[in-house]
$ cat target_11.txt   # compact mmCIF, C-alpha atoms (C1' of nucleotides)
# COMPACT_ATOMS: atom_id res chain seq x y z
CA MET A 1 0.00 0.00 0.00
CA LYS A 2 1.32 3.38 -0.91
CA SER A 3 1.98 5.70 1.97
CA VAL A 4 0.14 8.96 2.21
CA LEU A 5 3.48 10.66 1.95
CA ASP A 6 4.29 9.58 -1.57
CA GLN A 7 1.17 11.23 -2.79
CA ILE A 8 1.57 14.50 -0.99
CA ARG A 9 5.19 15.44 -1.46
CA PRO A 10 5.31 18.58 -3.56
CA ASP A 11 8.28 17.62 -5.70
CA ASN A 12 8.30 13.97 -6.56
CA ASP A 13 9.60 15.17 -9.85
CA GLN A 14 10.40 18.63 -10.99
CA ALA A 15 7.63 20.36 -12.84
CA ASN A 16 4.62 18.21 -11.97
CA THR A 17 2.62 19.59 -9.12
CA CYS A 18 1.21 17.27 -6.54
CA PRO A 19 -2.49 16.56 -7.08
CA ILE A 20 -3.39 16.67 -3.43
CA ARG A 21 -1.62 19.90 -2.70
CA ASP A 22 -3.17 21.28 -5.83
CA VAL A 23 -6.64 20.36 -4.70
CA LEU A 24 -6.07 21.41 -1.13
CA ASP A 25 -4.86 24.79 -2.24
CA ARG A 26 -8.21 25.33 -3.86
CA ILE A 27 -10.25 23.96 -1.07
CA GLY A 28 -8.18 25.09 1.86
CA ASP A 29 -8.90 28.73 1.31
CA GLN A 30 -11.42 30.55 3.37
CA TRP A 31 -14.42 30.27 1.09
CA SER A 32 -14.27 27.60 -1.59
CA LEU A 33 -15.64 24.77 0.44
CA LEU A 34 -18.33 26.96 1.88
CA VAL A 35 -19.43 28.07 -1.57
CA LEU A 36 -19.47 24.50 -2.84
CA ALA A 37 -21.53 23.44 0.14
CA THR A 38 -23.95 26.29 -0.36
CA LEU A 39 -24.41 25.22 -3.96
CA ASP A 40 -24.93 21.61 -2.99
CA PRO A 41 -28.73 21.83 -2.68
CA GLY A 42 -29.08 23.30 -6.16
CA VAL A 43 -28.95 26.33 -8.40
CA LYS A 44 -28.26 29.69 -6.80
CA ARG A 45 -27.85 33.25 -8.00
CA PHE A 46 -24.98 35.51 -7.06
CA SER A 47 -26.81 37.64 -4.53
CA GLN A 48 -28.47 34.56 -3.13
CA LEU A 49 -25.08 33.08 -2.38
CA GLU A 50 -24.00 36.38 -0.93
CA ARG A 51 -26.96 36.45 1.41
CA GLU A 52 -26.81 32.81 2.44
CA ILE A 53 -23.12 32.85 3.18
CA GLY A 54 -23.52 36.12 4.96
CA ASP A 55 -20.04 37.15 5.88
CA ILE A 56 -18.39 36.95 2.48
CA SER A 57 -17.50 40.09 0.54
CA LYS A 58 -18.58 40.59 -3.07
CA GLN A 59 -15.01 40.47 -4.16
CA MET A 60 -14.20 37.19 -2.51
CA LEU A 61 -17.42 35.59 -3.63
CA SER A 62 -16.67 36.67 -7.17
CA LYS A 63 -13.08 35.51 -7.08
CA THR A 64 -13.98 32.22 -5.45
CA LEU A 65 -16.69 31.52 -7.98
CA ARG A 66 -14.44 32.29 -10.89
CA ARG A 67 -11.74 30.00 -9.66
CA LEU A 68 -14.19 27.22 -8.96
CA GLU A 69 -15.59 27.73 -12.43
CA GLN A 70 -12.13 27.68 -13.97
CA ASP A 71 -11.36 24.42 -12.24
CA GLY A 72 -14.59 22.87 -13.40
CA PHE A 73 -16.34 22.55 -10.04
CA VAL A 74 -19.04 25.09 -10.80
CA ALA A 75 -20.99 26.03 -13.91
CA ARG A 76 -22.04 29.61 -14.55
CA GLU A 77 -25.05 30.50 -16.64
CA VAL A 78 -25.83 34.06 -17.68
CA HIS A 79 -29.37 34.94 -18.66
CA ALA A 80 -29.59 37.87 -21.05
CA GLU A 81 -32.19 39.83 -19.13
CA VAL A 82 -32.55 43.16 -17.46
CA PRO A 83 -31.75 43.14 -14.63
CA PRO A 84 -29.12 40.49 -15.27
CA ARG A 85 -29.54 37.06 -13.77
CA VAL A 86 -26.58 34.75 -13.30
CA GLU A 87 -26.98 31.28 -11.96
CA TYR A 88 -24.41 28.97 -10.49
CA ARG A 89 -24.62 25.25 -10.07
CA LEU A 90 -22.30 22.39 -9.24
CA THR A 91 -20.93 20.38 -12.12
CA ALA A 92 -20.65 16.59 -11.95
CA LEU A 93 -17.05 17.12 -10.90
CA GLY A 94 -18.12 19.47 -8.14
CA ARG A 95 -20.71 17.05 -6.85
CA SER A 96 -18.29 14.14 -6.98
CA PHE A 97 -15.82 16.14 -4.94
CA LEU A 98 -18.29 16.55 -2.12
CA GLU A 99 -18.47 12.79 -1.75
CA PRO A 100 -15.02 12.19 -0.21
CA MET A 101 -15.49 15.47 1.66
CA ARG A 102 -18.34 13.92 3.60
CA GLY A 103 -15.90 11.44 5.07
CA LEU A 104 -13.74 14.26 6.31
CA ILE A 105 -16.76 16.12 7.62
CA ARG A 106 -17.88 13.08 9.56
CA TRP A 107 -14.42 12.76 11.03
CA ALA A 108 -14.36 16.41 12.01
CA GLU A 109 -17.70 16.14 13.75
CA ALA A 110 -16.73 12.97 15.53
CA ASN A 111 -13.37 14.24 16.69
CA GLN A 112 -13.71 17.93 17.29
CA ALA A 113 -14.36 17.34 20.93
CA ALA A 114 -11.05 15.47 21.17
CA ILE A 115 -9.26 18.32 19.46
CA VAL A 116 -10.77 20.94 21.70
CA ALA A 117 -9.89 18.85 24.71
CA ALA A 118 -6.29 18.47 23.55
CA ARG A 119 -6.12 22.17 22.92
CA ARG A 120 -7.35 22.89 26.43
CA ARG A 121 -4.84 20.51 27.97
CA ALA A 122 -2.00 22.34 26.25
CA MET B 1 -29.76 13.00 4.93
CA LYS B 2 -28.16 16.16 6.17
CA SER B 3 -26.81 18.45 3.51
CA VAL B 4 -23.16 19.30 3.50
CA LEU B 5 -24.15 22.88 4.01
CA ASP B 6 -25.63 22.46 7.45
CA GLN B 7 -22.34 21.17 8.71
CA ILE B 8 -20.11 23.78 7.20
CA ARG B 9 -21.86 27.06 7.83
CA PRO B 10 -19.73 29.09 10.19
CA ASP B 11 -22.56 30.41 12.30
CA ASN B 12 -25.28 27.89 12.83
CA ASP B 13 -25.48 29.38 16.26
CA GLN B 14 -23.54 32.18 17.78
CA ALA B 15 -20.44 31.18 19.66
CA ASN B 16 -19.89 27.60 18.56
CA THR B 17 -17.39 27.27 15.78
CA CYS B 18 -18.06 24.89 12.97
CA PRO B 19 -16.08 21.66 13.34
CA ILE B 20 -15.26 21.34 9.67
CA ARG B 21 -14.01 24.88 9.29
CA ASP B 22 -12.10 24.40 12.48
CA VAL B 23 -10.38 21.31 11.16
CA LEU B 24 -9.85 22.73 7.71
CA ASP B 25 -8.22 25.80 9.15
CA ARG B 26 -5.60 23.54 10.70
CA ILE B 27 -5.15 21.30 7.72
CA GLY B 28 -5.62 23.83 4.98
CA ASP B 29 -2.44 25.67 5.72
CA GLN B 30 0.66 25.15 3.71
CA TRP B 31 2.36 22.56 5.83
CA SER B 32 0.19 20.67 8.30
CA LEU B 33 -0.96 17.94 6.01
CA LEU B 34 2.50 17.49 4.61
CA VAL B 35 3.97 17.13 8.09
CA LEU B 36 1.29 14.64 9.09
CA ALA B 37 1.96 12.64 5.96
CA THR B 38 5.67 12.69 6.56
CA LEU B 39 5.08 11.34 10.05
CA ASP B 40 2.78 8.62 8.78
CA PRO B 41 5.46 5.99 8.33
CA GLY B 42 6.72 6.40 11.89
CA VAL B 43 8.81 8.34 14.35
CA LYS B 44 10.91 11.20 13.03
CA ARG B 45 13.27 13.75 14.48
CA PHE B 46 13.07 17.45 13.86
CA SER B 47 15.94 17.71 11.42
CA GLN B 48 14.78 14.56 9.71
CA LEU B 49 11.45 16.16 9.02
CA GLU B 50 13.23 19.26 7.85
CA ARG B 51 15.31 17.29 5.40
CA GLU B 52 12.51 15.08 4.10
CA ILE B 53 10.12 17.92 3.51
CA GLY B 54 12.90 19.91 2.00
CA ASP B 55 11.38 23.28 1.30
CA ILE B 56 10.04 24.10 4.75
CA SER B 57 11.76 26.65 6.96
CA LYS B 58 12.74 25.88 10.53
CA GLN B 59 10.27 28.40 11.77
CA MET B 60 7.32 26.98 9.92
CA LEU B 61 8.20 23.42 10.81
CA SER B 62 8.42 24.42 14.43
CA LYS B 63 5.17 26.35 14.39
CA THR B 64 3.35 23.63 12.51
CA LEU B 65 4.56 20.93 14.85
CA ARG B 66 3.58 22.89 17.91
CA ARG B 67 0.12 23.49 16.61
CA LEU B 68 -0.33 19.88 15.60
CA GLU B 69 0.87 18.90 19.04
CA GLN B 70 -1.51 21.32 20.71
CA ASP B 71 -4.39 19.89 18.77
CA GLY B 72 -3.45 16.35 19.67
CA PHE B 73 -2.42 15.10 16.23
CA VAL B 74 1.23 14.71 17.07
CA ALA B 75 3.15 13.62 20.15
CA ARG B 76 6.49 15.14 21.03
CA GLU B 77 9.13 13.31 23.02
CA VAL B 78 12.28 14.97 24.29
CA HIS B 79 15.28 12.84 25.15
CA ALA B 80 17.59 14.40 27.69
CA GLU B 81 20.79 13.92 25.81
CA VAL B 82 23.55 16.00 24.35
CA PRO B 83 23.09 16.81 21.59
CA PRO B 84 19.35 16.97 22.18
CA ARG B 85 17.09 14.54 20.40
CA VAL B 86 13.41 15.25 19.93
CA GLU B 87 11.11 12.77 18.32
CA TYR B 88 7.71 13.27 16.82
CA ARG B 89 5.09 10.69 16.09
CA LEU B 90 1.43 10.61 15.17
CA THR B 91 -1.06 10.08 17.94
CA ALA B 92 -4.05 7.82 17.50
CA LEU B 93 -6.02 10.93 16.65
CA GLY B 94 -3.50 11.89 14.01
CA ARG B 95 -3.56 8.46 12.45
CA SER B 96 -7.32 8.33 12.46
CA PHE B 97 -7.42 11.66 10.69
CA LEU B 98 -5.38 10.31 7.81
CA GLU B 99 -8.05 7.70 7.17
CA PRO B 100 -10.72 9.98 5.69
CA MET B 101 -7.93 11.97 4.08
CA ARG B 102 -7.10 8.99 1.94
CA GLY B 103 -10.50 9.26 0.33
CA LEU B 104 -9.80 12.84 -0.58
CA ILE B 105 -6.36 11.92 -1.84
CA ARG B 106 -7.77 9.21 -4.04
CA TRP B 107 -10.28 11.68 -5.43
CA ALA B 108 -7.58 14.24 -6.11
CA GLU B 109 -5.49 11.72 -7.98
CA ALA B 110 -8.42 10.44 -9.97
CA ASN B 111 -9.66 13.88 -10.92
CA GLN B 112 -6.67 16.12 -11.22
CA ALA B 113 -6.55 15.51 -14.95
CA ALA B 114 -10.13 16.76 -15.23
CA ILE B 115 -9.27 19.85 -13.21
CA VAL B 116 -6.21 20.63 -15.29
CA ALA B 117 -8.24 20.12 -18.44
CA ALA B 118 -10.96 22.48 -17.20
CA ARG B 119 -8.33 25.01 -16.27
CA ARG B 120 -6.84 24.85 -19.72
CA ARG B 121 -10.20 25.26 -21.37
CA ALA B 122 -10.80 28.46 -19.43
C1' DC C 1 20.50 19.42 17.34
C1' DA C 2 16.26 21.77 18.30
C1' DG C 3 14.20 25.56 18.52
C1' DA C 4 13.05 30.82 19.75
C1' DA C 5 13.41 35.58 18.36
C1' DT C 6 13.79 39.06 14.96
C1' DC C 7 13.15 41.29 10.59
C1' DC C 8 10.93 41.88 6.44
C1' DT C 9 8.39 40.87 2.20
C1' DT C 10 4.40 39.28 0.09
C1' DG C 11 -0.28 38.79 -0.98
C1' DC C 12 -4.78 37.78 1.06
C1' DC C 13 -8.79 39.79 1.94
C1' DG C 14 -12.26 43.35 3.59
C1' DA C 15 -14.36 47.86 2.53
C1' DT C 16 -15.69 50.88 -0.69
C1' DA C 17 -16.77 52.96 -5.01
C1' DC C 18 -17.86 52.47 -9.72
C1' DT C 19 -19.99 50.20 -14.26
C1' DG C 20 -23.06 47.74 -17.72
C1' DC D 1 -28.31 42.67 -10.26
C1' DA D 2 -23.78 41.19 -10.95
C1' DG D 3 -19.99 42.13 -11.00
C1' DT D 4 -14.81 44.93 -11.61
C1' DA D 5 -11.28 48.31 -9.82
C1' DT D 6 -8.77 50.36 -6.28
C1' DC D 7 -6.88 51.09 -1.75
C1' DG D 8 -5.09 49.62 2.51
C1' DG D 9 -4.36 46.68 6.85
C1' DC D 10 -2.82 42.73 8.56
C1' DA D 11 -1.06 38.29 9.08
C1' DA D 12 1.38 34.28 6.95
C1' DG D 13 5.55 32.83 6.09
C1' DG D 14 10.75 32.99 4.40
C1' DA D 15 15.57 34.08 5.74
C1' DT D 16 18.57 34.72 9.16
C1' DT D 17 20.53 34.93 13.71
C1' DC D 18 21.05 33.46 18.44
C1' DT D 19 20.92 30.08 22.38
C1' DG D 20 20.80 25.76 25.62

$ encode --input "target_11.txt" --output "structure tokens"
Amino acid sequence: MKSVLDQIRPDNDQANTCPIRDVLDRIGDQWSLLVLATLDPGVKRFSQLEREIGDISKQMLSKTLRRLEQDGFVAREVHAEVPPRVEYRLTALGRSFLEPMRGLIRWAEANQAAIVAARRRA
Amino acid sequence: MKSVLDQIRPDNDQANTCPIRDVLDRIGDQWSLLVLATLDPGVKRFSQLEREIGDISKQMLSKTLRRLEQDGFVAREVHAEVPPRVEYRLTALGRSFLEPMRGLIRWAEANQAAIVAARRRA
DNA sequence: CAGAATCCTTGCCGATACTG
DNA sequence: CAGTATCGGCAAGGATTCTG
């Protein structure tokens, strides 16, 4: 069985970036995962995302969405109307990503108490 | 089935932090996951970690280790010798965390090509 | 060897204002 | 409504130095 390490090291070879670090860099930021999760139930408009997330700025929401779109996690659909309406939805890739995430989420829920306890001990 | 959203929103209630965001904030940084992975095979000394990771600075390795220790992912053992020898190893909590991570790693490996392709299209 | 302390650069990100 | 453009504060993190 391959160790976790082999798959995470940044420079196994020179120019090829590590897939996991690549993915984590997208997901590890402050908002990406939250946006993906907010889109999980279905289609949402820009301002709807803004409202539901609450504490995200327009700029970060915009940037986050564009990067998620670029990476193929989210699809963007512009309706030629006035006022403009833009809808966002998860792609198949985006939905498939949330699958393994649920495992991590379950772990986090199950073990947060242990982490908080450890933190308090220290 | 609970949606992913319910478990990720930062403010379901007032003062309680979201477990997933809490965990991701630890793991999402530049080094934590890499350090955990490097410790996966077994016990390692400080300079050994430094060498194996390669592009981490002393300061960041130290900070990362202390935080991982605080949160109960890593155990630190000091041997009273000259020169000093300090060993780090994963705790049970740390090892258990790597379990769900493997799912994410597998996903990243399986789908990085799709992400790169999407990126190139954009 | 294992780290703590210091300095300094970089870029993330929030707030705000502006546009089609 | 759905963004982009600009400014600025602040914190992450690299390089280096110092110590037990």

$ closest_residue --input "target_11.txt" --among "A:Leu61, A:Ile105, A:Ile115, A:Leu93" --to "chain D" --atoms "only C-alpha atoms (C1' of nucleotides)"
A:Leu61

$ residues_near_point --input "target_11.txt" --point "(-16.6, 28.7, 7.2)" --cutoff "8 Å" --atoms "all atoms listed in the file" --output "PDB file with C-alpha atoms, in the coordinates of the input"
ATOM      1  CA  GLN A  30     -11.420  30.550   3.370  1.00  0.00           C
ATOM      2  CA  TRP A  31     -14.420  30.270   1.090  1.00  0.00           C
ATOM      3  CA  LEU A  33     -15.640  24.770   0.440  1.00  0.00           C
ATOM      4  CA  LEU A  34     -18.330  26.960   1.880  1.00  0.00           C
TER       5      LEU A  34
ATOM      6  CA  ILE B   8     -20.110  23.780   7.200  1.00  0.00           C
ATOM      7  CA  ARG B   9     -21.860  27.060   7.830  1.00  0.00           C
ATOM      8  CA  PRO B  10     -19.730  29.090  10.190  1.00  0.00           C
ATOM      9  CA  CYS B  18     -18.060  24.890  12.970  1.00  0.00           C
ATOM     10  CA  ILE B  20     -15.260  21.340   9.670  1.00  0.00           C
ATOM     11  CA  ARG B  21     -14.010  24.880   9.290  1.00  0.00           C
TER      12      ARG B  21
END

$ interface_residues --input "target_11.txt" --of "chain A" --to "chain D" --cutoff "9 Å" --atoms "only C-alpha atoms (C1' of nucleotides)" --output "compact mmCIF listing (two decimals) with C-alpha atoms, keeping the file's coordinate frame"
# COMPACT_ATOMS: atom_id res chain seq x y z
CA PHE A 46 -24.98 35.51 -7.06
CA SER A 47 -26.81 37.64 -4.53
CA LYS A 58 -18.58 40.59 -3.07
CA GLN A 59 -15.01 40.47 -4.16
CA SER A 62 -16.67 36.67 -7.17
CA VAL A 82 -32.55 43.16 -17.46
CA PRO A 83 -31.75 43.14 -14.63
CA PRO A 84 -29.12 40.49 -15.27
CA ARG A 85 -29.54 37.06 -13.77
CA VAL A 86 -26.58 34.75 -13.30

$ interface_residues --input "target_11.txt" --of "chain C" --to "chain A" --cutoff "9 Å" --atoms "only C-alpha atoms (C1' of nucleotides)" --output "ChimeraX atom specification"
/C:13-15

$ interface_residues --input "target_11.txt" --of "chain B" --to "chain A" --cutoff "8 Å" --atoms "only C-alpha atoms" --output "number ranges by chain"
B: 3-5, 7-9, 19-20, 23-25, 27-29, 34, 37-38, 40-41, 53, 70-72, 97-98, 100-105, 107-109, 112, 114-116, 118-119, 122

$ write_last_selection --input "target_11.txt" --atoms "C-alpha atoms" --output "mmCIF file, in the coordinates of the input"
data_model
loop_
_atom_site.group_PDB
_atom_site.id
_atom_site.type_symbol
_atom_site.label_atom_id
_atom_site.label_comp_id
_atom_site.auth_asym_id
_atom_site.auth_seq_id
_atom_site.Cartn_x
_atom_site.Cartn_y
_atom_site.Cartn_z
ATOM 1 C CA SER B 3 -26.810 18.450 3.510
ATOM 2 C CA VAL B 4 -23.160 19.300 3.500
ATOM 3 C CA LEU B 5 -24.150 22.880 4.010
ATOM 4 C CA GLN B 7 -22.340 21.170 8.710
ATOM 5 C CA ILE B 8 -20.110 23.780 7.200
ATOM 6 C CA ARG B 9 -21.860 27.060 7.830
ATOM 7 C CA PRO B 19 -16.080 21.660 13.340
ATOM 8 C CA ILE B 20 -15.260 21.340 9.670
ATOM 9 C CA VAL B 23 -10.380 21.310 11.160
ATOM 10 C CA LEU B 24 -9.850 22.730 7.710
ATOM 11 C CA ASP B 25 -8.220 25.800 9.150
ATOM 12 C CA ILE B 27 -5.150 21.300 7.720
ATOM 13 C CA GLY B 28 -5.620 23.830 4.980
ATOM 14 C CA ASP B 29 -2.440 25.670 5.720
ATOM 15 C CA LEU B 34 2.500 17.490 4.610
ATOM 16 C CA ALA B 37 1.960 12.640 5.960
ATOM 17 C CA THR B 38 5.670 12.690 6.560
ATOM 18 C CA ASP B 40 2.780 8.620 8.780
ATOM 19 C CA PRO B 41 5.460 5.990 8.330
ATOM 20 C CA ILE B 53 10.120 17.920 3.510
ATOM 21 C CA GLN B 70 -1.510 21.320 20.710
ATOM 22 C CA ASP B 71 -4.390 19.890 18.770
ATOM 23 C CA GLY B 72 -3.450 16.350 19.670
ATOM 24 C CA PHE B 97 -7.420 11.660 10.690
ATOM 25 C CA LEU B 98 -5.380 10.310 7.810
ATOM 26 C CA PRO B 100 -10.720 9.980 5.690
ATOM 27 C CA MET B 101 -7.930 11.970 4.080
ATOM 28 C CA ARG B 102 -7.100 8.990 1.940
ATOM 29 C CA GLY B 103 -10.500 9.260 0.330
ATOM 30 C CA LEU B 104 -9.800 12.840 -0.580
ATOM 31 C CA ILE B 105 -6.360 11.920 -1.840
ATOM 32 C CA TRP B 107 -10.280 11.680 -5.430
ATOM 33 C CA ALA B 108 -7.580 14.240 -6.110
ATOM 34 C CA GLU B 109 -5.490 11.720 -7.980
ATOM 35 C CA GLN B 112 -6.670 16.120 -11.220
ATOM 36 C CA ALA B 114 -10.130 16.760 -15.230
ATOM 37 C CA ILE B 115 -9.270 19.850 -13.210
ATOM 38 C CA VAL B 116 -6.210 20.630 -15.290
ATOM 39 C CA ALA B 118 -10.960 22.480 -17.200
ATOM 40 C CA ARG B 119 -8.330 25.010 -16.270
ATOM 41 C CA ALA B 122 -10.800 28.460 -19.430
#

$ atom_distance --input "target_11.txt" --atom1 "CA of Val74 (chain B)" --atom2 "C1' of DC12 (chain C)"
28.7 Å

$ atom_distance --input "target_11.txt" --atom1 "C1' of DA5 (chain C)" --atom2 "CA of Ala75 (chain B)"
24.3 Å

$ atom_distance --input "target_11.txt" --atom1 "CA of Tyr88 (chain B)" --atom2 "CA of Val43 (chain B)"
5.6 Å
